[in-house]
>>> print(open('work.pdb').read())   # PDB, C-alpha atoms
ATOM      1  CA  MET A 145     -21.493 -16.405  19.911  1.00  0.00           C
ATOM      2  CA  ALA A 146     -19.485 -18.118  17.151  1.00  0.00           C
ATOM      3  CA  ASN A 147     -21.959 -16.942  14.509  1.00  0.00           C
ATOM      4  CA  SER A 148     -21.659 -13.296  15.544  1.00  0.00           C
ATOM      5  CA  THR A 149     -17.867 -13.603  15.495  1.00  0.00           C
ATOM      6  CA  LEU A 150     -18.010 -14.998  11.953  1.00  0.00           C
ATOM      7  CA  THR A 151     -20.448 -12.292  10.921  1.00  0.00           C
ATOM      8  CA  ARG A 152     -18.146  -9.593  12.283  1.00  0.00           C
ATOM      9  CA  PHE A 153     -15.125 -11.167  10.609  1.00  0.00           C
ATOM     10  CA  PHE A 154     -16.813 -11.455   7.206  1.00  0.00           C
ATOM     11  CA  GLY A 155     -18.597  -8.096   7.472  1.00  0.00           C
ATOM     12  CA  GLY A 156     -21.977  -9.754   7.015  1.00  0.00           C
ATOM     13  CA  SER A 157     -23.457 -13.219   6.768  1.00  0.00           C
ATOM     14  CA  PRO A 158     -20.763 -15.634   5.601  1.00  0.00           C
ATOM     15  CA  GLY A 159     -22.843 -17.128   2.775  1.00  0.00           C
ATOM     16  CA  PRO A 160     -23.586 -13.935   0.835  1.00  0.00           C
ATOM     17  CA  VAL A 161     -20.075 -12.593   1.477  1.00  0.00           C
ATOM     18  CA  LEU A 162     -18.494 -15.768   0.078  1.00  0.00           C
ATOM     19  CA  LEU A 163     -20.811 -15.609  -2.928  1.00  0.00           C
ATOM     20  CA  ARG A 164     -19.758 -11.984  -3.594  1.00  0.00           C
ATOM     21  CA  LEU A 165     -16.102 -12.989  -3.270  1.00  0.00           C
ATOM     22  CA  ILE A 166     -16.600 -15.780  -5.803  1.00  0.00           C
ATOM     23  CA  VAL A 167     -18.328 -13.453  -8.288  1.00  0.00           C
ATOM     24  CA  VAL A 168     -15.725 -10.694  -7.881  1.00  0.00           C
ATOM     25  CA  SER A 169     -12.922 -13.252  -8.246  1.00  0.00           C
ATOM     26  CA  LEU A 170     -14.441 -14.490 -11.507  1.00  0.00           C
ATOM     27  CA  VAL A 171     -14.791 -10.955 -12.852  1.00  0.00           C
ATOM     28  CA  VAL A 172     -11.228 -10.019 -11.885  1.00  0.00           C
ATOM     29  CA  GLY A 173      -9.987 -13.291 -13.390  1.00  0.00           C
ATOM     30  CA  LEU A 174     -11.753 -12.505 -16.669  1.00  0.00           C
ATOM     31  CA  ILE A 175     -10.304  -8.991 -16.744  1.00  0.00           C
ATOM     32  CA  LEU A 176      -6.774 -10.231 -16.006  1.00  0.00           C
ATOM     33  CA  SER A 177      -7.139 -12.904 -18.664  1.00  0.00           C
ATOM     34  CA  ALA A 178      -8.378 -10.338 -21.215  1.00  0.00           C
ATOM     35  CA  LEU A 179      -5.366  -8.144 -20.400  1.00  0.00           C
ATOM     36  CA  ASN A 180      -3.122 -11.205 -20.724  1.00  0.00           C
ATOM     37  CA  LEU A 181      -1.899 -10.800 -17.151  1.00  0.00           C
ATOM     38  CA  ASN A 182      -0.934 -13.788 -15.077  1.00  0.00           C
ATOM     39  CA  PRO A 183      -0.684 -13.428 -11.286  1.00  0.00           C
ATOM     40  CA  LEU A 184       2.465 -15.570 -11.331  1.00  0.00           C
ATOM     41  CA  ASP A 185       4.035 -13.130 -13.803  1.00  0.00           C
ATOM     42  CA  ILE A 186       3.180 -10.300 -11.421  1.00  0.00           C
ATOM     43  CA  LEU A 187       4.755 -12.165  -8.502  1.00  0.00           C
ATOM     44  CA  ASN A 188       7.840 -13.000 -10.569  1.00  0.00           C
ATOM     45  CA  GLY A 189       8.137  -9.368 -11.610  1.00  0.00           C
ATOM     46  CA  PHE A 190       7.928  -8.282  -7.984  1.00  0.00           C
ATOM     47  CA  ARG A 191      10.568 -10.858  -7.027  1.00  0.00           C
ATOM     48  CA  ASN A 192      12.826  -9.608  -9.824  1.00  0.00           C
ATOM     49  CA  LEU A 193      12.341  -6.043  -8.621  1.00  0.00           C
ATOM     50  CA  ILE A 194      13.364  -7.004  -5.084  1.00  0.00           C
ATOM     51  CA  GLU A 195      16.401  -8.868  -6.441  1.00  0.00           C
ATOM     52  CA  ARG A 196      17.485  -5.852  -8.513  1.00  0.00           C
ATOM     53  CA  ILE A 197      17.092  -3.552  -5.532  1.00  0.00           C
ATOM     54  CA  TYR A 198      19.117  -5.980  -3.416  1.00  0.00           C
ATOM     55  CA  GLU A 199      21.804  -6.167  -6.109  1.00  0.00           C
ATOM     56  CA  LEU A 200      22.047  -2.397  -6.150  1.00  0.00           C
ATOM     57  CA  GLY A 201      23.059  -2.671  -2.521  1.00  0.00           C
ATOM     58  CA  PHE A 202      24.003   0.439  -0.678  1.00  0.00           C
ATOM     59  CA  ASP A 203      23.811   2.624  -3.775  1.00  0.00           C
ATOM     60  CA  ALA A 204      20.032   2.400  -3.604  1.00  0.00           C
ATOM     61  CA  PHE A 205      20.075   3.093   0.133  1.00  0.00           C
ATOM     62  CA  ASN A 206      22.374   6.080  -0.339  1.00  0.00           C
ATOM     63  CA  GLY A 207      20.163   7.410  -3.104  1.00  0.00           C
ATOM     64  CA  ALA A 208      17.066   7.084  -0.953  1.00  0.00           C
ATOM     65  CA  LEU A 209      18.857   8.721   1.970  1.00  0.00           C
ATOM     66  CA  ARG A 210      19.927  11.583  -0.285  1.00  0.00           C
ATOM     67  CA  TYR A 211      16.324  12.110  -1.451  1.00  0.00           C
ATOM     68  CA  PHE A 212      15.176  12.028   2.158  1.00  0.00           C
ATOM     69  CA  PHE A 213      17.558  14.800   3.181  1.00  0.00           C
ATOM     70  CA  ILE A 214      16.744  16.911   0.123  1.00  0.00           C
ATOM     71  CA  GLY A 215      13.040  16.665   0.944  1.00  0.00           C
ATOM     72  CA  ALA A 216      13.601  17.205   4.663  1.00  0.00           C
ATOM     73  CA  ILE A 217      15.366  20.497   3.955  1.00  0.00           C
ATOM     74  CA  ILE A 218      12.019  21.831   2.705  1.00  0.00           C
ATOM     75  CA  VAL A 219       9.503  19.804   4.708  1.00  0.00           C
ATOM     76  CA  VAL A 220      10.872  20.203   8.243  1.00  0.00           C
ATOM     77  CA  PRO A 221      11.179  24.018   8.235  1.00  0.00           C
ATOM     78  CA  ALA A 222       7.752  24.307   6.586  1.00  0.00           C
ATOM     79  CA  TRP A 223       6.291  22.051   9.281  1.00  0.00           C
ATOM     80  CA  ILE A 224       7.935  24.126  12.039  1.00  0.00           C
ATOM     81  CA  ILE A 225       6.567  27.350  10.550  1.00  0.00           C
ATOM     82  CA  ILE A 226       3.069  25.896  10.248  1.00  0.00           C
ATOM     83  CA  ARG A 227       3.178  24.615  13.843  1.00  0.00           C
ATOM     84  CA  LEU A 228       4.376  28.009  15.121  1.00  0.00           C
ATOM     85  CA  LEU A 229       1.624  29.801  13.211  1.00  0.00           C
ATOM     86  CA  LYS A 230      -0.992  27.426  14.641  1.00  0.00           C
ATOM     87  CA  MET A 231       0.362  27.920  18.153  1.00  0.00           C
ATOM     88  CA  GLY A 232       0.183  31.683  17.656  1.00  0.00           C
ATOM     89  CA  ARG A 233      -3.501  31.346  16.783  1.00  0.00           C
ATOM     90  CA  GLY A 234      -4.097  29.035  19.746  1.00  0.00           C
ATOM     91  CA  GLU A 235      -4.987  26.008  17.620  1.00  0.00           C
ATOM     92  CA  ALA A 236      -2.108  23.717  18.682  1.00  0.00           C
TER      93      ALA A 236
END
>>> encode(input="work.pdb", output="structure tokens")
Amino acid sequence: MANSTLTRFFGGSPGPVLLRLIVVSLVVGLILSALNLNPLDILNGFRNLIERIYELGFDAFNGALRYFFIGAIIVVPAWIIIRLLKMGRGEA
């Protein structure tokens, strides 16, 4: 029972899956190293992005809300028209 649970979790036998993960990790590590990318730099960049968004405060929220309403002006009526046309054809 435990073996089948592990097999389902890993998507195959645990041994070969772990071996594939090790090989893929090495390849990705080599590629990142060749591109001079460090995962910690990526995480720090993401943290800085979140901090800048937070510092923008409600200006960012208002901007996003404005974009939402601009898009909704087009998307919602188009969706209603499409739904009405499908209902008229009996597709619902």
>>> atom_distance(input="work.pdb", atom1="CA of Leu163 in chain A", atom2="CA of Leu150 in chain A")
15.2 Å
>>> atom_distance(input="work.pdb", atom1="CA of Leu162 in chain A", atom2="CA of Gly189 in chain A")
29.8 Å
>>> atom_distance(input="work.pdb", atom1="CA of Asn182 in chain A", atom2="CA of Glu195 in chain A")
20.0 Å
>>> decode(input="work.pdb", residues="range 153-196 of chain A", atoms="C-alpha atoms", output="PDB file, in the first residue's frame")
ATOM      1  CA  PHE A 153       3.060  10.656  -5.623  1.00  0.00           C
ATOM      2  CA  PHE A 154       6.290  10.486  -7.635  1.00  0.00           C
ATOM      3  CA  GLY A 155       4.553   9.608 -10.914  1.00  0.00           C
ATOM      4  CA  GLY A 156       6.581   6.419 -11.237  1.00  0.00           C
ATOM      5  CA  SER A 157       9.061   4.388  -9.240  1.00  0.00           C
ATOM      6  CA  PRO A 158      10.783   6.661  -6.727  1.00  0.00           C
ATOM      7  CA  GLY A 159      14.323   5.624  -7.696  1.00  0.00           C
ATOM      8  CA  PRO A 160      14.212   6.522 -11.395  1.00  0.00           C
ATOM      9  CA  VAL A 161      12.189   9.676 -10.686  1.00  0.00           C
ATOM     10  CA  LEU A 162      14.764  10.880  -8.147  1.00  0.00           C
ATOM     11  CA  LEU A 163      17.560  10.102 -10.598  1.00  0.00           C
ATOM     12  CA  ARG A 164      15.807  12.167 -13.309  1.00  0.00           C
ATOM     13  CA  LEU A 165      15.337  15.018 -10.832  1.00  0.00           C
ATOM     14  CA  ILE A 166      19.041  14.945  -9.981  1.00  0.00           C
ATOM     15  CA  VAL A 167      20.066  14.990 -13.658  1.00  0.00           C
ATOM     16  CA  VAL A 168      17.620  17.777 -14.552  1.00  0.00           C
ATOM     17  CA  SER A 169      18.762  19.786 -11.520  1.00  0.00           C
ATOM     18  CA  LEU A 170      22.382  19.481 -12.649  1.00  0.00           C
ATOM     19  CA  VAL A 171      21.520  20.565 -16.186  1.00  0.00           C
ATOM     20  CA  VAL A 172      19.458  23.534 -14.988  1.00  0.00           C
ATOM     21  CA  GLY A 173      22.246  24.461 -12.563  1.00  0.00           C
ATOM     22  CA  LEU A 174      24.785  24.429 -15.399  1.00  0.00           C
ATOM     23  CA  ILE A 175      22.541  26.575 -17.591  1.00  0.00           C
ATOM     24  CA  LEU A 176      21.902  29.090 -14.796  1.00  0.00           C
ATOM     25  CA  SER A 177      25.610  29.213 -14.037  1.00  0.00           C
ATOM     26  CA  ALA A 178      26.447  29.774 -17.727  1.00  0.00           C
ATOM     27  CA  LEU A 179      23.909  32.620 -17.820  1.00  0.00           C
ATOM     28  CA  ASN A 180      25.424  33.998 -14.609  1.00  0.00           C
ATOM     29  CA  LEU A 181      22.092  33.717 -12.808  1.00  0.00           C
ATOM     30  CA  ASN A 182      21.932  33.008  -9.116  1.00  0.00           C
ATOM     31  CA  PRO A 183      18.661  31.769  -7.592  1.00  0.00           C
ATOM     32  CA  LEU A 184      19.238  34.051  -4.598  1.00  0.00           C
ATOM     33  CA  ASP A 185      19.483  37.025  -6.969  1.00  0.00           C
ATOM     34  CA  ILE A 186      16.167  35.977  -8.489  1.00  0.00           C
ATOM     35  CA  LEU A 187      14.567  35.730  -5.045  1.00  0.00           C
ATOM     36  CA  ASN A 188      16.024  39.091  -4.016  1.00  0.00           C
ATOM     37  CA  GLY A 189      14.726  40.645  -7.221  1.00  0.00           C
ATOM     38  CA  PHE A 190      11.273  39.242  -6.535  1.00  0.00           C
ATOM     39  CA  ARG A 191      11.408  40.564  -2.964  1.00  0.00           C
ATOM     40  CA  ASN A 192      12.440  43.993  -4.254  1.00  0.00           C
ATOM     41  CA  LEU A 193       9.564  43.926  -6.727  1.00  0.00           C
ATOM     42  CA  ILE A 194       7.079  43.156  -3.950  1.00  0.00           C
ATOM     43  CA  GLU A 195       8.566  45.941  -1.812  1.00  0.00           C
ATOM     44  CA  ARG A 196       8.269  48.461  -4.662  1.00  0.00           C
TER      45      ARG A 196
END
